[in-house]
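Read through the structure below, which is laid out as structure tokens, and then see the notes.
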Amino acid sequence: MEFRQLHYFLAVVEEGSVSAASRRVHIAQPALTRQIRLLEEDLETRLFDRHARGMQLTVAGRTLVEEARALLDHHDRIRSRLTALGQGVIGKVSLGVTVTHLWVPQVARLLAGYRERYPSVAFEVFPLLSGPQLDRLREGQLDAGILYLDDAEQPGLETRLLHRDHLILAVPDASRWAVSPPATLAELRDADFVWGFRQASPVYYDRMLAHFRRLDFHPRVVQYGADNIAILSLVAAGLGIAVVPASSSAHPMPGIRFLRLPELDDCDMPLWFAWRTGNDSPALANLIALVEETM
């Protein structure tokens with residue numbers, strides 16, 4: 001039994017004759033008659049009683065009408081769903097984003113643009129630091145990530161440069177630095193710093209320290225935070241000052257003043273869009289295409 005034969009069978013039922021059905025389905029009347037015969041042979045039962053005044057459904061035929069309509073509707077739904085999945089207009093994409101960059105305009109435009117273009121895709125966004133993102137990408141637990149990387153060449157990953165960030169100084173509103181901003185890092189040698197843990201984002205951490213070593217600057221760290229949001233919360237509480245990605249200023253926090261220093265501007269912090277090599281998700285392919293189109 002073929003779906004095509006069920007389609008022909010319903011055409012005969014709904015049109016009331018083989019001749020009218022043949023015009024509807026665009027095949028010759030003898031060919032249509034043969035297909036109905038083959039369907040009856042396959043089912044081993046008569047579907048029509050044939051007489052001089054036309055064709056009348058048998059009990060089996062009347063039962064098949066309801067079943068055939070249900071089967072064809074189900075077939076159409078499956079076909080439409082698979083087509084949509086293949087085109088990436090439905091499905092799921094899981095994306096990691098470094099906590100600081102959730103509010104960066106370029107990232108916000110990317111997320112909004114994808115949602116507008118593909119509203120039926122389940123878009124899961126996880127705020128994760130670069131270290132955990134990298135692990136999850138390589139383990140296949142994330143489809144894509146927005147994170148810090150050493151460079152474009154990453155084993156097992158494909159990458160696209162998304163945004164070039166730099167560093168910025170965060171100080172409490174009530175601090176003397178907010179009133180009289182420093183001109184150089186050397187002025188901050190005796191300041192209390194809030195710092196992050198290397199394992200949270202090794203690339204970011206190492207890149208920042210290498211920059212400071214070149215400047216012969218060694219911050220005095222008195223407090224640690226698990227991520228940039230925690231670090232900024234500690235700064236707002238007056239526990240010290242911090243060097244954070246300049247993107248942090250895209251989402252101002254109460255009690256914090258962000259200050260630019262030329263020496264911090266010079267520290268290039270490229271942000272990458274990355275995904276696992278071999279991930280053939282059509283929904284992900286559409287996100288990659290949007291990155292390449294807009295960035």
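Residue names in the structure tokens use chain letters A, B, ... in the order shown, residue numbers from 1 in each chain, and ligand numbers from 1 in the order shown.
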
Would you list the contacts of Trp275 (chain A) as a short mmCIF file (atom, residue, chain, number, x, y, z; two decimals) with C-alpha atoms, in the first residue's frame, taking every protein, DNA or RNA residue within 9 Å and counting only C-alpha atoms, but skipping same-chain residues closer than 3 positions in sequence?
data_model
loop_
_atom_site.label_atom_id
_atom_site.label_comp_id
_atom_site.auth_asym_id
_atom_site.auth_seq_id
_atom_site.Cartn_x
_atom_site.Cartn_y
_atom_site.Cartn_z
CA LEU A 137 31.77 22.80 23.02
CA ARG A 138 34.34 20.04 22.67
CA LEU A 142 26.84 23.25 23.35
CA ASP A 143 26.16 23.95 19.69
CA ALA A 144 28.09 27.23 19.67
CA GLY A 145 29.81 29.69 21.97
CA GLY A 156 38.01 20.43 16.86
CA LEU A 157 36.41 23.87 16.45
CA GLU A 158 35.45 26.27 13.68
CA THR A 159 35.67 29.97 14.55
CA GLY A 278 31.19 18.36 12.13
CA ASN A 279 28.06 19.72 13.81
CA LEU A 284 23.16 26.08 13.78
CA ILE A 288 26.57 30.75 11.54
#

Shell of 12 Å around region 62-70 of chain A, only C-alpha atoms, local chain residues under 6 positions omitted, as a list in words: Met1, Glu2, Phe3, Arg4, Gln5, Leu6, His7, Tyr8, Phe9, Leu10, Ala11, Val12, Val13, Glu14, Leu39, Glu40, Leu43, Thr45, Arg46, Leu47, Phe48, Asp49, Gln56, Asp76 and Arg77 of chain A

Which region 101-134 of chain A residues have any atom within 12 Å of an atom of region 264-274 of chain A, and for each, what is the nearest pair of atoms with distance in Å to one decimal, counting only C-alpha atoms, rows sorted by chain and number, as a tab-separated table?
residue	atom	partner	partner_atom	distance
A:His101	CA	A:Leu271	CA	9.2
A:Val104	CA	A:Leu271	CA	11.1
A:Gln106	CA	A:Leu271	CA	10.9
A:Val107	CA	A:Phe273	CA	10.0
A:Leu110	CA	A:Phe273	CA	11.0
A:Leu129	CA	A:Leu271	CA	12.0
A:Ser130	CA	A:Leu271	CA	9.9
A:Gln133	CA	A:Ala274	CA	9.7
A:Leu134	CA	A:Ala274	CA	8.9

Closest-contact table, region 79-191 of chain A side, partner region 247-250 of chain A, 8 Å, counting only C-alpha atoms, as JSON lines:
{"residue": "A:Thr100", "atom": "CA", "partner": "A:Ser248", "partner_atom": "CA", "distance": 5.5}
{"residue": "A:His101", "atom": "CA", "partner": "A:Ser247", "partner_atom": "CA", "distance": 6.2}
{"residue": "A:Trp103", "atom": "CA", "partner": "A:Ala250", "partner_atom": "CA", "distance": 6.1}
{"residue": "A:Val104", "atom": "CA", "partner": "A:Ala250", "partner_atom": "CA", "distance": 5.9}
{"residue": "A:Pro105", "atom": "CA", "partner": "A:Ala250", "partner_atom": "CA", "distance": 7.8}
{"residue": "A:Asp165", "atom": "CA", "partner": "A:Ser247", "partner_atom": "CA", "distance": 6.8}
{"residue": "A:His166", "atom": "CA", "partner": "A:Ser247", "partner_atom": "CA", "distance": 7.9}

Now that the selection is made, can you save its residues with N, CA, C and O atoms as an mmCIF file, in the first residue's frame?
data_model
loop_
_atom_site.group_PDB
_atom_site.id
_atom_site.type_symbol
_atom_site.label_atom_id
_atom_site.label_comp_id
_atom_site.auth_asym_id
_atom_site.auth_seq_id
_atom_site.Cartn_x
_atom_site.Cartn_y
_atom_site.Cartn_z
ATOM 1 N N THR A 100 29.848 38.667 30.671
ATOM 2 C CA THR A 100 30.034 40.092 30.415
ATOM 3 C C THR A 100 29.417 40.531 29.099
ATOM 4 O O THR A 100 28.973 41.673 28.964
ATOM 5 N N HIS A 101 29.378 39.625 28.123
ATOM 6 C CA HIS A 101 29.011 40.042 26.776
ATOM 7 C C HIS A 101 27.541 39.843 26.429
ATOM 8 O O HIS A 101 27.143 40.087 25.286
ATOM 9 N N TRP A 103 25.234 41.759 27.169
ATOM 10 C CA TRP A 103 24.642 43.066 26.877
ATOM 11 C C TRP A 103 25.405 43.836 25.799
ATOM 12 O O TRP A 103 25.061 44.967 25.496
ATOM 13 N N VAL A 104 26.462 43.239 25.250
ATOM 14 C CA VAL A 104 27.218 43.928 24.209
ATOM 15 C C VAL A 104 26.311 44.117 22.984
ATOM 16 O O VAL A 104 25.637 43.176 22.562
ATOM 17 N N PRO A 105 26.274 45.315 22.394
ATOM 18 C CA PRO A 105 25.351 45.563 21.275
ATOM 19 C C PRO A 105 25.474 44.563 20.133
ATOM 20 O O PRO A 105 24.452 44.109 19.598
ATOM 21 N N ASP A 165 37.464 43.414 21.764
ATOM 22 C CA ASP A 165 37.273 44.091 23.043
ATOM 23 C C ASP A 165 38.631 44.557 23.573
ATOM 24 O O ASP A 165 39.681 44.221 23.015
ATOM 25 N N HIS A 166 38.608 45.331 24.623
ATOM 26 C CA HIS A 166 39.834 45.711 25.328
ATOM 27 C C HIS A 166 39.511 45.763 26.815
ATOM 28 O O HIS A 166 38.455 45.252 27.236
#

Nearest candidate to Val99 (chain A) (options A:Ala112, A:Met253, A:Val125, A:Ile241; using only C-alpha atoms): A:Val125

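Between CA of Pro252 (chain A) and CA of Ser201 (chain A) the interatomic distance comes to 22.1 Å.
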
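For the set A:Val291, A:Val179, A:Ile256, A:Ile36, the residue with the smallest atom-to-atom gap to Arg160 (chain A) is A:Val291, counting only C-alpha atoms.
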
Could you name the residues that touch Leu32 (chain A) at 8 Å or less, counting only C-alpha atoms, but leaving out those on the same chain fewer than 5 positions away, as an mmCIF file with all heavy atoms, in the first residue's frame?
data_model
loop_
_atom_site.group_PDB
_atom_site.id
_atom_site.type_symbol
_atom_site.label_atom_id
_atom_site.label_comp_id
_atom_site.auth_asym_id
_atom_site.auth_seq_id
_atom_site.Cartn_x
_atom_site.Cartn_y
_atom_site.Cartn_z
ATOM 1 N N TYR A 8 -5.078 8.485 -4.549
ATOM 2 C CA TYR A 8 -5.971 8.182 -5.681
ATOM 3 C C TYR A 8 -7.316 7.659 -5.177
ATOM 4 O O TYR A 8 -8.382 8.027 -5.708
ATOM 5 C CB TYR A 8 -5.327 7.139 -6.586
ATOM 6 C CG TYR A 8 -4.089 7.609 -7.331
ATOM 7 C CD1 TYR A 8 -3.165 6.683 -7.829
ATOM 8 C CD2 TYR A 8 -3.850 8.965 -7.537
ATOM 9 C CE1 TYR A 8 -2.038 7.105 -8.510
ATOM 10 C CE2 TYR A 8 -2.712 9.400 -8.217
ATOM 11 C CZ TYR A 8 -1.802 8.466 -8.691
ATOM 12 O OH TYR A 8 -0.693 8.876 -9.369
ATOM 13 N N VAL A 18 -14.377 7.499 -11.340
ATOM 14 C CA VAL A 18 -12.982 7.378 -11.742
ATOM 15 C C VAL A 18 -12.635 8.459 -12.763
ATOM 16 O O VAL A 18 -11.546 9.029 -12.737
ATOM 17 C CB VAL A 18 -12.705 5.977 -12.322
ATOM 18 C CG1 VAL A 18 -11.288 5.899 -12.905
ATOM 19 C CG2 VAL A 18 -12.881 4.911 -11.251
ATOM 20 N N SER A 22 -9.698 11.079 -12.236
ATOM 21 C CA SER A 22 -8.521 11.082 -13.111
ATOM 22 C C SER A 22 -8.173 12.500 -13.538
ATOM 23 O O SER A 22 -6.996 12.835 -13.698
ATOM 24 C CB SER A 22 -8.766 10.182 -14.326
ATOM 25 O OG SER A 22 -9.718 10.761 -15.204
ATOM 26 N N ILE A 27 -3.949 11.876 -14.066
ATOM 27 C CA ILE A 27 -3.452 10.642 -14.697
ATOM 28 C C ILE A 27 -4.603 10.062 -15.526
ATOM 29 O O ILE A 27 -5.783 10.372 -15.288
ATOM 30 C CB ILE A 27 -2.944 9.598 -13.668
ATOM 31 C CG1 ILE A 27 -4.095 9.067 -12.802
ATOM 32 C CG2 ILE A 27 -1.830 10.168 -12.818
ATOM 33 C CD1 ILE A 27 -3.680 7.849 -11.972
#

Neighbour list for Val221 (chain A) as a list of chain:residue names, cut-off 9 Å, only C-alpha atoms, skip fewer than 6 positions in-chain: A:Ala191, A:Asp192, A:Phe193, A:Val194, A:Trp195, A:Gly240

Just-selected residues, N, CA and C atoms written as a PDB file, in the first residue's frame:
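Printed below is again_1.pdb as written:
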ATOM      1  N   ALA A 191      47.024  50.160  45.042  1.00  0.00           N
ATOM      2  CA  ALA A 191      45.576  49.984  45.164  1.00  0.00           C
ATOM      3  C   ALA A 191      45.226  48.521  45.445  1.00  0.00           C
ATOM      4  N   ASP A 192      44.083  48.313  46.098  1.00  0.00           N
ATOM      5  CA  ASP A 192      43.575  46.959  46.345  1.00  0.00           C
ATOM      6  C   ASP A 192      42.763  46.506  45.133  1.00  0.00           C
ATOM      7  N   PHE A 193      43.115  45.345  44.563  1.00  0.00           N
ATOM      8  CA  PHE A 193      42.434  44.849  43.369  1.00  0.00           C
ATOM      9  C   PHE A 193      41.557  43.641  43.685  1.00  0.00           C
ATOM     10  N   VAL A 194      40.440  43.588  42.989  1.00  0.00           N
ATOM     11  CA  VAL A 194      39.581  42.397  42.978  1.00  0.00           C
ATOM     12  C   VAL A 194      39.902  41.654  41.685  1.00  0.00           C
ATOM     13  N   TRP A 195      40.130  40.352  41.775  1.00  0.00           N
ATOM     14  CA  TRP A 195      40.638  39.582  40.637  1.00  0.00           C
ATOM     15  C   TRP A 195      39.769  38.367  40.372  1.00  0.00           C
ATOM     16  N   GLY A 240      37.505  46.995  46.596  1.00  0.00           N
ATOM     17  CA  GLY A 240      38.685  47.169  45.764  1.00  0.00           C
ATOM     18  C   GLY A 240      38.297  47.692  44.397  1.00  0.00           C
TER      19      GLY A 240
END

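Atom to atom, CA of Met295 (chain A) and CA of Leu162 (chain A) stand 6.2 Å apart.
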
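With only C-alpha atoms as the basis for measurement, A:Leu259 is the residue among A:Leu259, A:Val97, A:Ala31, A:Leu234 that approaches Ala170 (chain A) most closely.
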
Strand (DSSP E) per DSSP on the backbone: members of region 177-290 of chain A, as a PyMOL selection string: chain A and resi 192-196+220-225+242-245+256-259+269-276

Test item, alpha helix (DSSP H) assignment across region 6-137 of chain A, answer as JSON, numbers by chain: {"A": [6, 7, 8, 9, 10, 11, 12, 13, 14, 15, 18, 19, 20, 21, 22, 23, 24, 25, 29, 30, 31, 32, 33, 34, 35, 36, 37, 38, 39, 40, 41, 42, 43, 59, 60, 61, 62, 63, 64, 65, 66, 67, 68, 69, 70, 71, 72, 73, 74, 75, 76, 77, 78, 79, 80, 81, 82, 83, 84, 85, 86, 87, 105, 106, 107, 108, 109, 110, 111, 112, 113, 114, 115, 116, 117, 130, 131, 132, 133, 134, 135, 136, 137]}

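Considering only C-alpha atoms, the residue among A:Ala108, A:Leu147, A:Ala237, A:Leu215 positioned nearest to Pro202 (chain A) is A:Leu147.
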
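One finds CA of Tyr204 (chain A) at 9.4 Å from CA of Gly131 (chain A).
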
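Minimum atom-to-atom distances from A:Glu15, A:Tyr224, A:Ser175, A:Asp42 to Met55 (chain A) were compared using only C-alpha atoms, and the lowest value belongs to A:Glu15.
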